$ cat protein_18.cif   # mmCIF, C-alpha atoms
data_target
loop_
_atom_site.label_atom_id
_atom_site.label_comp_id
_atom_site.auth_asym_id
_atom_site.auth_seq_id
_atom_site.Cartn_x
_atom_site.Cartn_y
_atom_site.Cartn_z
CA MET U 1 -10.51 -11.26 -1.39
CA LEU U 2 -9.20 -14.24 -3.34
CA PRO U 3 -6.02 -13.39 -5.28
CA ASP U 4 -5.26 -15.75 -8.15
CA PRO U 5 -1.97 -17.02 -6.60
CA THR U 6 -3.91 -17.99 -3.46
CA ALA U 7 -6.57 -19.79 -5.49
CA ARG U 8 -3.85 -21.71 -7.33
CA GLU U 9 -2.20 -22.62 -4.03
CA VAL U 10 -5.51 -24.00 -2.72
CA GLN U 11 -5.91 -26.18 -5.83
CA ARG U 12 -2.34 -27.43 -5.44
CA GLN U 13 -2.99 -28.27 -1.78
CA ILE U 14 -6.19 -30.12 -2.74
CA LYS U 15 -4.24 -32.29 -5.18
CA GLU U 16 -1.38 -32.99 -2.77
CA ARG U 17 -3.59 -33.76 0.22
CA SER U 18 -5.92 -35.93 -1.85
CA ASP U 19 -2.95 -37.95 -3.06
CA GLU U 20 -1.65 -38.25 0.50
CA ALA U 21 -5.06 -39.50 1.71
CA LEU U 22 -5.17 -42.15 -1.01
CA LYS U 23 -1.67 -43.30 -0.09
CA VAL U 24 -2.78 -43.75 3.53
CA ILE U 25 -5.78 -45.80 2.42
CA GLU U 26 -3.65 -47.93 0.11
CA GLU U 27 -1.07 -48.49 2.86
CA ALA U 28 -3.81 -49.58 5.26
CA ARG U 29 -5.18 -52.01 2.64
CA ARG U 30 -1.72 -53.46 2.09
CA LYS U 31 -1.01 -53.93 5.79
CA ALA U 32 -4.49 -55.21 6.61
CA PRO U 33 -5.99 -56.86 3.49
CA PHE U 34 -8.98 -58.07 5.49
CA LEU U 35 -10.25 -54.47 5.52
CA SER U 36 -11.53 -55.04 1.98
CA LYS U 37 -14.24 -57.23 3.57
CA TRP U 38 -15.44 -54.30 5.69
CA ARG U 39 -18.73 -53.04 4.31
CA TYR U 40 -17.68 -49.39 4.86
CA TRP U 41 -14.34 -49.81 3.08
CA PRO U 42 -14.21 -47.50 0.01
CA GLN U 43 -14.58 -49.43 -3.22
CA LYS U 44 -13.02 -48.32 -6.50
CA PRO U 45 -15.68 -46.94 -8.85
CA ASP U 46 -16.07 -48.49 -12.27
CA LEU U 47 -15.56 -45.35 -14.35
CA LEU U 48 -13.73 -42.85 -12.16
CA SER U 49 -10.21 -43.11 -10.81
CA PRO U 50 -9.89 -42.73 -7.03
CA GLU U 51 -7.59 -39.76 -7.52
CA TRP U 52 -10.13 -37.90 -9.63
CA GLU U 53 -13.03 -38.64 -7.28
CA VAL U 54 -11.21 -37.63 -4.08
CA ARG U 55 -10.05 -34.38 -5.65
CA LYS U 56 -13.58 -33.75 -6.90
CA ILE U 57 -14.94 -34.14 -3.36
CA ALA U 58 -12.32 -31.73 -1.99
CA ARG U 59 -12.98 -29.16 -4.73
CA GLU U 60 -16.72 -29.33 -4.06
CA GLU U 61 -16.05 -28.67 -0.37
CA TRP U 62 -13.92 -25.67 -1.31
CA GLU U 63 -16.61 -24.30 -3.63
CA THR U 64 -19.26 -24.82 -0.92
CA PHE U 65 -17.11 -22.84 1.50
CA LEU U 66 -16.67 -20.00 -0.99
CA GLY U 67 -20.42 -20.05 -1.67
CA GLN U 68 -21.04 -18.85 1.88
CA LEU U 69 -18.99 -15.70 1.28
CA ASP U 70 -19.08 -12.65 -0.94
CA VAL U 71 -15.87 -13.44 -2.83
CA VAL U 72 -13.94 -10.94 -4.92
CA LYS U 73 -11.50 -12.77 -7.18
CA LEU U 74 -8.40 -10.75 -7.96
CA GLY U 75 -6.27 -11.22 -11.05
CA TYR U 76 -3.17 -9.31 -12.12
CA ASP U 77 -4.72 -6.16 -13.60
CA GLY U 78 -3.00 -3.02 -12.36
CA ILE U 79 0.03 -4.81 -10.93
CA ARG U 80 3.35 -3.38 -12.08
CA ILE U 81 5.90 -6.11 -12.64
CA GLU U 82 8.65 -3.54 -12.04
CA THR U 83 7.29 -2.97 -8.53
CA VAL U 84 7.41 -6.66 -7.64
CA MET U 85 10.91 -6.98 -9.10
CA ASN U 86 12.05 -3.99 -7.03
CA TRP U 87 10.79 -5.81 -3.93
CA TYR U 88 12.79 -8.85 -5.03
CA ASP U 89 15.98 -6.86 -5.68
CA SER U 90 15.80 -5.12 -2.30
CA VAL U 91 14.78 -8.35 -0.48
CA ARG U 92 11.67 -6.61 0.81
CA ALA U 93 8.98 -8.79 2.42
CA PRO U 94 7.57 -11.22 1.45
CA PHE U 95 11.01 -11.84 -0.09
CA ARG U 96 13.87 -12.53 2.30
CA GLU U 97 17.25 -14.20 2.38
CA GLY U 98 17.66 -17.95 2.41
CA LYS U 99 15.10 -20.54 1.37
CA LYS U 100 12.34 -17.93 0.99
CA ARG U 101 14.31 -15.70 -1.38
CA LYS U 102 11.91 -16.29 -4.28
CA GLU U 103 8.43 -15.79 -2.89
CA PHE U 104 6.87 -14.51 -6.11
CA PRO U 105 3.37 -16.00 -5.52
CA ASP U 106 3.19 -14.28 -2.11
CA ALA U 107 4.51 -11.06 -3.65
CA PHE U 108 1.77 -11.10 -6.28
CA VAL U 109 -0.82 -11.71 -3.54
CA ILE U 110 0.37 -8.60 -1.69
CA ALA U 111 0.55 -6.62 -4.93
CA SER U 112 -3.00 -7.58 -5.96
CA LEU U 113 -4.45 -6.84 -2.52
CA SER U 114 -2.72 -3.46 -2.23
CA THR U 115 -3.79 -2.56 -5.79
CA TYR U 116 -7.40 -3.46 -4.98
CA ALA U 117 -7.29 -1.46 -1.72
CA ALA U 118 -5.89 1.60 -3.50
CA LYS U 119 -8.41 1.33 -6.35
CA THR U 120 -11.45 0.95 -4.08
CA GLY U 121 -10.29 3.08 -1.14
CA THR U 122 -10.83 0.20 1.30
CA TYR U 123 -8.83 -1.57 4.01
CA VAL U 124 -8.14 -5.28 3.57
CA ALA U 125 -7.62 -7.87 6.31
CA VAL U 126 -4.80 -10.28 5.44
CA VAL U 127 -5.12 -13.56 7.37
CA SER U 128 -2.04 -15.80 7.38
CA GLU U 129 0.22 -17.63 9.80
CA ASP U 130 3.18 -16.67 7.59
CA GLN U 131 5.16 -13.89 9.29
CA ASP U 132 6.44 -12.76 5.90
CA PHE U 133 2.92 -11.59 5.12
CA LYS U 134 2.95 -9.60 8.36
CA ALA U 135 6.23 -7.96 7.36
CA ALA U 136 4.90 -7.22 3.87
CA CYS U 137 1.70 -5.64 5.22
CA GLU U 138 3.77 -3.17 7.24
CA HIS U 139 4.60 -1.38 3.98
CA PHE U 140 0.92 -0.60 3.32
CA GLY U 141 -1.45 1.39 5.48
CA SER U 142 -4.39 -0.33 3.78
CA LEU U 143 -3.36 -3.95 4.56
CA LEU U 144 -4.13 -5.07 8.11
CA TYR U 145 -2.54 -8.32 9.25
CA PHE U 146 -4.19 -11.06 11.34
CA PRO U 147 -2.48 -14.36 12.28
CA SER U 148 -5.78 -16.28 12.36
CA LEU U 149 -9.48 -16.02 11.54
CA PRO U 150 -10.49 -16.07 15.25
CA ARG U 151 -8.40 -12.93 15.79
CA LEU U 152 -10.23 -11.22 12.93
CA THR U 153 -13.64 -12.45 14.13
CA GLU U 154 -12.90 -11.19 17.63
CA LEU U 155 -12.21 -7.74 16.24
CA LEU U 156 -15.38 -7.71 14.14
CA LEU U 157 -17.40 -8.46 17.27
CA LEU U 158 -15.88 -5.66 19.36
CA ASP U 159 -18.50 -3.49 21.04
CA ASP U 160 -18.57 0.30 20.86
CA ALA U 161 -17.02 0.67 24.32
CA LYS U 162 -13.91 -1.27 23.31
CA ILE U 163 -13.63 0.71 20.07
CA ALA U 164 -13.83 3.93 22.11
CA GLY U 165 -11.13 2.57 24.42
CA LEU U 166 -8.88 1.88 21.44
CA ARG U 167 -9.41 5.42 20.21
CA ASP U 168 -8.41 6.71 23.67
CA THR U 169 -5.23 4.62 23.39
CA VAL U 170 -4.39 6.16 20.01
CA VAL U 171 -5.08 9.71 21.17
CA ALA U 172 -2.99 9.18 24.32
CA GLY U 173 -0.11 7.83 22.22
CA LYS U 174 -0.15 10.45 19.48
CA ASN U 175 3.32 11.57 20.61
CA VAL U 176 4.65 8.34 19.04
CA ILE U 177 3.16 9.47 15.73
CA GLU U 178 4.71 12.91 16.22
CA VAL U 179 8.16 11.39 16.74
CA ALA U 180 7.72 9.25 13.62
CA ILE U 181 6.90 12.36 11.59
CA ILE U 182 10.07 14.08 12.87
CA ASP U 183 12.25 11.01 12.20
CA GLY U 184 10.86 10.06 8.81
CA PRO U 185 10.00 13.08 6.64
CA ALA U 186 12.49 12.19 3.90
CA ASP U 187 9.78 12.47 1.26
CA LEU U 188 8.82 16.05 2.21
CA ILE U 189 9.69 18.70 -0.37
CA PHE U 190 10.22 22.24 0.93
CA ASN U 191 9.80 25.21 -1.41
CA HIS U 192 9.63 28.92 -0.70
CA LEU U 193 6.65 31.02 -1.76
CA ASP U 194 9.11 33.46 -3.35
CA ASP U 195 10.98 31.56 -6.03
CA LYS U 196 14.09 33.72 -5.64
CA TYR U 197 14.93 31.57 -2.62
CA SER U 198 16.38 28.09 -3.03
CA VAL U 199 15.97 25.63 -0.16
CA ASN U 200 19.21 23.78 0.56
CA ASP U 201 17.95 21.82 3.55
CA ALA U 202 15.11 21.69 6.04
CA SER U 203 14.49 19.88 9.30
CA ILE U 204 11.43 19.48 11.49
CA SER U 205 11.94 20.60 15.07
CA SER U 206 8.54 19.74 16.52
CA VAL U 207 5.15 18.32 15.57
CA GLN U 208 1.73 18.80 17.09
CA VAL U 209 -0.90 16.24 16.04
CA THR U 210 -4.19 18.13 16.20
CA ASP U 211 -6.58 15.37 15.17
CA VAL U 212 -6.38 11.60 14.77
CA ARG U 213 -8.98 9.16 13.42
CA ILE U 214 -8.97 5.35 13.38
CA VAL U 215 -9.73 4.08 9.87
CA GLY U 216 -8.66 0.43 10.16
CA ILE U 217 -7.98 -2.05 12.96
CA GLY U 218 -5.75 -5.12 12.71
CA ASP U 219 -4.25 -7.54 15.18
CA ARG U 220 -2.25 -5.37 17.61
CA GLU U 221 -2.18 -2.58 15.05
CA CYS U 222 -4.44 0.09 13.68
CA THR U 223 -4.28 2.52 10.79
CA VAL U 224 -5.09 6.15 11.53
CA THR U 225 -5.37 9.36 9.60
CA PHE U 226 -4.09 12.53 11.23
CA ASP U 227 -3.87 16.29 10.92
CA ALA U 228 -0.80 17.99 12.36
CA GLU U 229 1.23 21.18 12.38
CA ILE U 230 5.00 21.05 11.96
CA ASP U 231 7.58 23.59 13.09
CA PHE U 232 10.70 23.52 10.95
CA GLU U 233 13.94 25.29 10.08
CA ALA U 234 14.93 25.81 6.45
CA ASP U 235 18.32 26.80 5.05
CA LEU U 236 17.82 29.26 2.20
CA GLU U 237 20.12 30.47 -0.53
CA TRP U 238 19.58 33.48 -2.79
CA LYS U 239 21.36 36.11 -4.85
CA ARG U 240 21.72 39.57 -3.30
CA TRP U 241 22.60 42.18 -5.87
CA ARG U 242 25.21 44.75 -4.94
CA ASP U 243 24.53 48.52 -4.89
CA ASP U 244 27.24 49.25 -7.41
CA PRO U 245 25.76 48.65 -10.88
CA ASP U 246 29.18 47.59 -12.15
CA GLU U 247 29.35 44.86 -9.56
CA ASP U 248 27.61 41.50 -9.69
CA TYR U 249 25.89 39.82 -6.74
CA ASP U 250 26.67 37.85 -3.60
CA ILE U 251 25.36 34.39 -2.75
CA VAL U 252 23.68 34.68 0.64
CA TYR U 253 22.82 31.87 3.01
CA GLU U 254 20.42 32.22 5.92
CA SER U 255 18.01 30.08 7.90
CA VAL U 256 14.36 30.77 8.62
CA PHE U 257 11.87 29.22 11.00
CA ASP U 258 8.33 28.52 9.89
CA LYS U 259 5.35 26.22 10.46
CA ALA U 260 2.91 24.44 8.16
CA PRO U 261 -0.09 22.11 8.35
CA ILE U 262 0.18 18.52 7.12
CA SER U 263 -2.08 15.48 7.04
CA GLY U 264 -1.40 11.81 6.44
CA THR U 265 -1.84 8.17 7.33
CA ALA U 266 0.05 6.09 9.88
CA LYS U 267 -0.07 2.42 10.85
CA THR U 268 0.58 2.09 14.58
CA GLU U 269 1.71 -0.95 16.55
CA LEU U 270 -0.06 -1.70 19.85
CA ASN U 271 1.06 -3.61 22.90
CA ALA U 272 -0.54 -6.98 23.72
CA GLU U 273 -3.20 -5.34 25.93
CA LYS U 274 -3.90 -2.67 23.27
CA THR U 275 -3.43 0.01 25.89
CA ALA U 276 -0.46 1.82 24.35
CA ILE U 277 1.13 2.59 20.99
CA THR U 278 4.58 1.00 20.78
CA GLY U 279 5.65 2.21 17.35
CA VAL U 280 4.76 3.32 13.83
CA THR U 281 5.41 0.84 11.01
CA TYR U 282 4.03 2.89 8.12
CA LEU U 283 3.81 6.64 7.53
CA SER U 284 2.56 8.53 4.50
CA ILE U 285 2.06 12.30 4.11
CA ASP U 286 -0.88 13.26 1.88
CA ASP U 287 0.82 16.26 0.27
CA PRO U 288 4.63 16.22 0.51
CA TYR U 289 5.04 19.81 -0.72
CA ILE U 290 5.63 22.19 2.17
CA GLU U 291 5.43 25.92 1.42
CA ILE U 292 7.73 28.31 3.29
CA THR U 293 6.35 31.82 3.72
CA ASN U 294 8.72 33.48 6.23
CA GLU U 295 11.58 35.49 4.74
CA PRO U 296 15.11 35.96 6.08
CA TYR U 297 15.99 39.07 8.05
CA HIS U 298 18.11 40.97 5.54
#

$ encode --input "protein_18.cif" --output "structure tokens"
Amino acid sequence: MLPDPTAREVQRQIKERSDEALKVIEEARRKAPFLSKWRYWPQKPDLLSPEWEVRKIAREEWETFLGQLDVVKLGYDGIRIETVMNWYDSVRAPFREGKKRKEFPDAFVIASLSTYAAKTGTYVAVVSEDQDFKAACEHFGSLLYFPSLPRLTELLLLDDAKIAGLRDTVVAGKNVIEVAIIDGPADLIFNHLDDKYSVNDASISSVQVTDVRIVGIGDRECTVTFDAEIDFEADLEWKRWRDDPDEDYDIVYESVFDKAPISGTAKTELNAEKTAITGVTYLSIDDPYIEITNEPYH
């Protein structure tokens, strides 16, 4: 994936580094003028400026590198400016306080990659030494962070036995996912099958993950999909009409216990040895609407 802000950054780096290289050559010529007699010393061309020629060489090297890969160039289609500005307002990675407060190019890179991943249903490896990219990727189950290309290459060369071992690690640590579901279900919406009941509040008491599948592997992290069953308590409110026809009704409050199936996606952190899950950095429930079927005892 080659987002447009990244491509622009590469071109800017080519210009800056080419200029720096020419300055070094010029400084060497000034300090040691006899170098001009050296037969390998670069001579100024008749028609082209040194700046133009050096940049041309660098750009050709960049294009040769890209030619070895299947490159998907990403523009800005599908990116919501409001989304990026919300990241900026809330100082969400890649934005942060201090000198890196205005990281708009990096934000557009993350936005374009996440948009592409959502549109194509794929998982994208994000390779960068910048820890702000790591923090930004934690908000997306589809973006898997790597600090270097060797780390990514190492993963791509993993044999089946090591993949199976990683799956065993995830299955053994599914209780960490269960705790994350209990602690972070703020986006769940509980409704009763009978619309006469209003749900004032609901809380999950326990979770049982029944199936877990690895769908993406990053550096010390992996994204999984899961099926689970939740046990929860819901506080209901409804109108109970009185027996006397001249009377009105009472507002009744009562709690019920129920259970429901859910499924979702989680990004899990792994320890350095990849033998245990240490946390969940991203959690998304496929369908946030939970239907309550049990009725109060009344």

$ closest_atom_pairs --input "protein_18.cif" --of "region 109-207 of chain U" --to "region 248-266 of chain U" --cutoff "12 Å" --atoms "all atoms listed in the file" --output "tab-separated table"
residue	atom	partner	partner_atom	distance
U:Glu138	CA	U:Ala266	CA	10.3
U:His139	CA	U:Ala266	CA	10.6
U:Phe140	CA	U:Ala266	CA	9.4
U:Gly141	CA	U:Ala266	CA	6.6
U:Ser142	CA	U:Thr265	CA	9.6
U:Leu143	CA	U:Ala266	CA	11.9
U:Val170	CA	U:Ala266	CA	11.1
U:Lys174	CA	U:Ala266	CA	10.5
U:Val176	CA	U:Ala266	CA	10.5
U:Ile177	CA	U:Ala266	CA	7.4
U:Glu178	CA	U:Ala266	CA	10.4
U:Val179	CA	U:Ala266	CA	11.9
U:Ala180	CA	U:Ala266	CA	9.1
U:Ile181	CA	U:Ala266	CA	9.4
U:Gly184	CA	U:Ala266	CA	11.6
U:Pro185	CA	U:Ile262	CA	11.2
U:Leu188	CA	U:Ile262	CA	10.2
U:Phe190	CA	U:Ala260	CA	10.5
U:Asn191	CA	U:Ala260	CA	11.8
U:His192	CA	U:Val256	CA	10.6
U:Lys196	CA	U:Val252	CA	11.5
U:Tyr197	CA	U:Tyr253	CA	9.7
U:Ser198	CA	U:Tyr253	CA	9.6
U:Val199	CA	U:Ser255	CA	9.4
U:Asn200	CA	U:Tyr253	CA	9.2
U:Asp201	CA	U:Ser255	CA	9.3
U:Ala202	CA	U:Ser255	CA	9.1
U:Ser203	CA	U:Phe257	CA	9.8
U:Ile204	CA	U:Lys259	CA	9.1
U:Ser205	CA	U:Phe257	CA	9.5
U:Ser206	CA	U:Lys259	CA	9.4
U:Val207	CA	U:Lys259	CA	9.4

$ resolve_selection --input "protein_18.cif" --expression "the PyMOL selection byres ((chain U and resi 88-95) around 8)" --output "number ranges by chain"
U: 84-87, 96-97, 100-104, 106-107, 132-133, 135-136

$ atom_distance --input "protein_18.cif" --atom1 "CA of Thr83 (chain U)" --atom2 "CA of Val280 (chain U)"
23.4 Å

$ atom_distance --input "protein_18.cif" --atom1 "CA of Ile214 (chain U)" --atom2 "CA of Thr169 (chain U)"
10.7 Å

$ resolve_selection --input "protein_18.cif" --expression "the PyMOL selection byres ((chain U and resi 163) around 12)" --output "PyMOL selection string"
chain U and resi 155-162+164-170+213-217+222+274-275

$ residues_near_point --input "protein_18.cif" --point "(-5.8, -5.4, -12.4)" --cutoff "8 Å" --atoms "only C-alpha atoms" --output "PyMOL selection string"
chain U and resi 74-79+112+115-116

$ axis_aligned_box --input "protein_18.cif" --around "region 217-223 of chain U" --padding-each-side "4 Å" --output "JSON"
{"center_x": -5.1, "center_y": -2.5, "center_z": 14.2, "size_x": 13.8, "size_y": 18.1, "size_z": 14.8}

$ resolve_selection --input "protein_18.cif" --expression "the PyMOL selection byres ((chain U and resi 18-21) around 8)" --output "PyMOL selection string"
chain U and resi 14-17+22-25+51+54-55+58

$ atom_distance --input "protein_18.cif" --atom1 "CA of Gln11 (chain U)" --atom2 "CA of Tyr145 (chain U)"
23.6 Å

$ residues_around --input "protein_18.cif" --residues "Ile277 (chain U)" --least-positions-apart "4" --cutoff "6 Å" --atoms "all atoms listed in the file" --output "VMD selection string"
chain U and resid 173 269 to 270

$ closest_residue --input "protein_18.cif" --among "U:Leu149, U:Ile285, U:Ala28, U:Met1" --to "Thr122 (chain U)" --atoms "all atoms listed in the file"
U:Met1
